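start_11.txt follows (compact mmCIF, C-alpha atoms):
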# COMPACT_ATOMS: atom_id res chain seq x y z
CA MET A 37 68.76 45.76 116.18
CA PRO A 38 68.94 47.75 119.46
CA PRO A 39 70.45 46.25 122.63
CA ALA A 40 68.02 45.12 125.31
CA LEU A 41 67.25 47.42 128.22
CA PRO A 42 66.40 46.26 131.76
CA GLY A 43 62.84 44.91 131.95
CA GLU A 44 62.47 44.45 128.19
CA GLN A 45 62.04 41.11 126.40
CA SER A 46 65.55 40.19 125.33
CA LEU A 47 67.10 37.82 122.85
CA ALA A 48 70.70 36.59 123.11
CA CYS A 49 72.87 36.31 120.01
CA GLU A 50 73.88 32.67 119.55
CA HIS A 51 77.27 33.79 118.22
CA CYS A 52 78.42 36.28 120.89
CA ASP A 53 75.67 36.20 123.59
CA TRP A 54 74.94 39.93 123.25
CA LEU A 55 71.40 40.73 124.44
CA HIS A 56 68.98 42.51 122.10
CA GLN A 57 65.46 43.80 122.34
CA GLU A 58 63.19 41.67 120.15
CA ARG A 59 61.34 43.65 117.49
CA ALA A 60 58.69 42.74 114.94
CA LEU A 61 59.97 42.43 111.37
CA ARG A 62 58.34 42.63 107.96
CA ALA A 63 58.18 39.52 105.79
CA HIS A 64 61.61 38.24 104.65
CA GLU A 65 63.50 40.72 106.84
CA LYS A 66 66.20 39.54 109.23
CA ALA A 67 67.51 40.92 112.52
CA LEU A 68 71.28 41.20 112.92
CA CYS A 69 73.43 41.42 116.04
CA VAL A 70 74.78 44.92 116.64
CA ARG A 71 78.04 43.49 117.98
CA CYS A 72 79.07 40.68 115.59
CA GLY A 73 76.58 41.00 112.73
CA GLY A 74 75.25 37.46 113.18
CA VAL A 75 71.68 36.64 112.19
CA LEU A 76 69.38 36.66 115.23
CA TYR A 77 66.18 35.60 113.49
CA ARG A 78 64.29 35.95 110.22
CA ALA A 79 60.69 36.85 109.48
CA TRP A 80 59.58 33.97 107.27
CA PRO A 81 55.87 34.10 106.38
CA ASP A 82 54.14 30.82 107.24
CA SER A 83 57.27 29.38 108.84
CA LEU A 84 55.67 26.13 110.05
CA ARG A 85 54.25 25.14 106.66
CA ARG A 86 57.49 25.99 104.86
CA THR A 87 59.56 24.00 107.33
CA PHE A 88 57.22 21.01 107.23
CA ALA A 89 57.14 20.88 103.41
CA LEU A 90 60.90 21.28 103.08
CA SER A 91 61.51 18.67 105.79
CA LEU A 92 59.32 16.16 103.94
CA ALA A 93 61.31 16.78 100.77
CA ALA A 94 64.57 16.45 102.72
CA LEU A 95 63.40 13.12 104.17
CA ALA A 96 62.68 11.73 100.71
CA LEU A 97 66.05 12.94 99.39
CA LEU A 98 67.86 11.51 102.41
CA VAL A 99 66.37 8.07 101.76
CA VAL A 100 67.30 8.20 98.06
CA ALA A 101 70.84 9.42 98.83
CA ASN A 102 71.48 6.52 101.20
CA VAL A 103 69.65 3.72 99.38
CA TYR A 104 70.75 4.30 95.79
CA PRO A 105 74.35 4.09 94.48
CA PHE A 106 76.38 7.21 95.18
CA LEU A 107 79.48 6.97 92.98
CA SER A 108 81.09 4.51 90.59
CA PHE A 109 84.86 4.13 90.19
CA SER A 110 86.44 2.63 87.09
CA LEU A 111 90.12 1.70 87.21
CA GLU A 112 91.99 -0.60 84.81
CA GLY A 113 88.80 -2.14 83.49
CA GLN A 114 87.28 -2.79 86.90
CA THR A 115 84.25 -0.84 88.12
CA SER A 116 82.95 -0.57 91.67
CA VAL A 117 79.74 1.11 92.76
CA ASN A 118 79.58 2.66 96.23
CA ARG A 119 76.96 4.06 98.58
CA ILE A 120 77.44 6.56 101.41
CA VAL A 121 77.70 3.83 104.02
CA SER A 122 80.30 1.98 101.93
CA GLY A 123 82.99 4.42 103.02
CA VAL A 124 81.97 3.95 106.63
CA PHE A 125 82.37 0.17 106.38
CA LEU A 126 85.73 0.48 104.62
CA LEU A 127 87.09 2.84 107.29
CA TRP A 128 85.82 0.51 110.03
CA GLN A 129 87.46 -2.52 108.43
CA ALA A 130 90.71 -0.58 107.99
CA GLY A 131 90.85 0.13 111.71
CA TYR A 132 89.65 3.76 111.64
CA ALA A 133 86.62 3.15 113.85
CA PRO A 134 86.41 6.70 115.36
CA LEU A 135 86.57 8.31 111.92
CA ALA A 136 84.00 5.87 110.55
CA LEU A 137 81.59 6.65 113.39
CA LEU A 138 82.11 10.40 112.92
CA ILE A 139 81.28 10.18 109.21
CA LEU A 140 78.27 7.98 109.91
CA PHE A 141 76.97 10.43 112.50
CA SER A 142 77.57 13.63 110.53
CA SER A 143 76.42 12.38 107.11
CA VAL A 144 73.55 10.04 108.01
CA LEU A 145 72.41 10.00 111.63
CA ALA A 146 72.52 13.73 112.44
CA PRO A 147 70.74 14.82 109.23
CA ALA A 148 68.11 12.11 109.73
CA ALA A 149 67.55 13.22 113.33
CA GLN A 150 67.37 16.86 112.24
CA VAL A 151 64.70 16.10 109.64
CA GLY A 152 62.78 13.80 111.98
CA MET A 153 62.65 16.37 114.75
CA SER A 154 61.56 19.12 112.35
CA LEU A 155 58.62 16.98 111.26
CA TYR A 156 57.84 16.06 114.88
CA ILE A 157 57.74 19.76 115.82
CA THR A 158 55.96 21.30 112.85
CA GLY A 159 53.45 18.54 111.99
CA PRO A 160 51.42 18.62 115.24
CA LEU A 161 51.70 22.42 115.49
CA LEU A 162 50.11 22.76 112.06
CA LEU A 163 47.22 20.63 113.35
CA GLY A 164 46.86 22.85 116.42
CA ARG A 165 48.40 20.38 118.87
CA LEU A 166 51.49 20.46 121.08
CA PRO A 167 53.56 17.26 120.76
CA PRO A 168 54.97 15.77 124.01
CA GLY A 169 58.34 17.20 125.02
CA LEU A 170 58.11 20.01 122.47
CA ALA A 171 60.49 22.35 124.30
CA ARG A 172 63.17 19.67 124.82
CA VAL A 173 62.95 18.45 121.22
CA THR A 174 63.20 22.01 119.88
CA ARG A 175 66.26 22.78 122.00
CA PHE A 176 67.94 19.53 120.97
CA GLN A 177 67.13 20.16 117.32
CA LEU A 178 68.75 23.60 117.49
CA ALA A 179 71.81 22.18 119.28
CA LEU A 180 72.19 19.46 116.65
CA ARG A 181 72.38 21.87 113.71
CA PRO A 182 76.20 22.25 113.69
CA TRP A 183 76.56 18.44 113.47
CA ALA A 184 74.18 18.12 110.51
CA MET A 185 76.16 20.31 108.11
CA LEU A 186 76.08 18.19 104.96
CA GLU A 187 77.91 20.85 102.95
CA VAL A 188 81.06 20.21 105.00
CA TYR A 189 80.85 16.50 104.17
CA MET A 190 80.36 17.37 100.50
CA LEU A 191 83.44 19.64 100.45
CA ALA A 192 85.56 16.86 101.92
CA LEU A 193 84.14 14.45 99.36
CA LEU A 194 84.88 16.81 96.46
CA ALA A 195 88.48 17.21 97.64
CA THR A 196 88.86 13.43 97.71
CA LEU A 197 87.27 13.02 94.28
CA ALA A 198 89.61 15.62 92.81
CA LYS A 199 92.54 13.39 93.79
CA LEU A 200 90.87 10.18 92.65
CA ALA A 201 89.96 11.64 89.26
CA ALA A 202 93.65 11.63 88.33
CA MET A 203 93.79 7.85 88.79
CA ALA A 204 90.32 6.57 87.95
CA THR A 205 87.09 7.47 86.20
CA VAL A 206 84.55 8.74 88.73
CA GLU A 207 80.87 8.95 87.82
CA PRO A 208 78.16 10.36 90.12
CA LYS A 209 75.04 8.25 90.50
CA VAL A 210 71.47 8.90 91.65
CA GLY A 211 72.53 8.95 95.30
CA ALA A 212 75.05 11.74 94.67
CA LEU A 213 72.50 13.87 92.84
CA ALA A 214 69.99 13.35 95.64
CA PHE A 215 72.67 14.26 98.19
CA VAL A 216 73.42 17.56 96.43
CA ALA A 217 69.71 18.37 96.34
CA LEU A 218 69.45 17.37 100.00
CA ILE A 219 72.04 19.98 100.97
CA GLY A 220 69.99 22.77 99.40
CA VAL A 221 66.63 21.57 100.72
CA SER A 222 67.84 20.91 104.27
CA THR A 223 69.55 24.31 104.40
CA ALA A 224 66.31 25.95 103.28
CA ALA A 225 64.36 24.01 105.93
CA ILE A 226 66.73 25.14 108.67
CA SER A 227 66.49 28.75 107.51
CA ALA A 228 62.68 28.63 107.32
CA PHE A 229 62.25 27.29 110.85
CA ASP A 230 61.51 30.03 113.39
CA PRO A 231 61.82 28.66 116.95
CA ARG A 232 60.07 31.76 118.29
CA VAL A 233 56.83 30.30 116.89
CA VAL A 234 57.32 27.27 119.15
CA TRP A 235 58.01 29.38 122.23
CA ARG A 236 54.93 31.50 121.56
CA ARG A 237 52.73 28.41 121.25
CA LEU A 238 54.13 27.07 124.53
CA GLU A 239 53.54 30.39 126.27
CA ALA A 240 49.95 30.53 124.99
CA ALA A 241 49.30 26.99 126.26
CA ARG A 242 50.32 27.84 129.84
Would you give me this structure, written as structure tokens?
Amino acid sequence: MPPALPGEQSLACEHCDWLHQERALRAHEKALCVRCGGVLYRAWPDSLRRTFALSLAALALLVVANVYPFLSFSLEGQTSVNRIVSGVFLLWQAGYAPLALLILFSSVLAPAAQVGMSLYITGPLLLGRLPPGLARVTRFQLALRPWAMLEVYMLALLATLAKLAAMATVEPKVGALAFVALIGVSTAAISAFDPRVVWRRLEAAR
């Protein structure tokens, strides 16, 4: 993608801040930064509908992942069933309050906020309306993305389970399966969302 020239509409790379001239893309194409190779934006056809549908699915999976049992541990004839928030409570009771709050935020609160804001943005836009505070919500939703990376939480969980498997029998439950599906669906929703659609709607409403 060519660098921006003075007077042209420019787009800054979120990875290195290099300015580029925005160009129209064909469906499913993506624009890359000429400096660092980072993705600037993608041309998803029907971005709002895709994002809304995927966000609804992510919301349902998020509820299932947090409500239903996540894992069961069997050790010396005793079995315990845990949910996502169980680890948070155990860390809090053990005196690791900062770590407990971090896990709660990154695995539950941030993903829930991400999904909720996606629905708040895309739902009214699909109906031809601009929700109150659309620009602020969109900026906050984009800023929250690095904190809602469920795949990082899953990698840490898998590393822990690999150690526990040597001592106990670990069995994934419905919550774990929903959580794995949630990672894929939420990632697809984030990729499908094109914030340029929001900015264009705001510009047209002025």
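Between Ser154 (chain A) and the candidates A:Ala217, A:Val234, A:Ile120, A:Leu135, the tightest atom-to-atom separation, counting all atoms listed in the file, involves A:Val234.
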Determine, counting only C-alpha atoms, which protein, DNA and RNA residues have an atom within 12 Å of an atom of Trp183 (chain A); residues of the same chain fewer than 3 positions away are not included. Present the result as JSON, numbers by chain.
-> {"A": [138, 139, 140, 141, 142, 143, 144, 145, 146, 147, 148, 149, 150, 176, 177, 178, 179, 180, 186, 187, 188, 189]}
Can you work out which one of A:Ala241, A:Cys69, A:Ile157, A:Leu97 has the shortest atom-to-atom distance to Gly220 (chain A), counting all atoms listed in the file?
-> A:Leu97
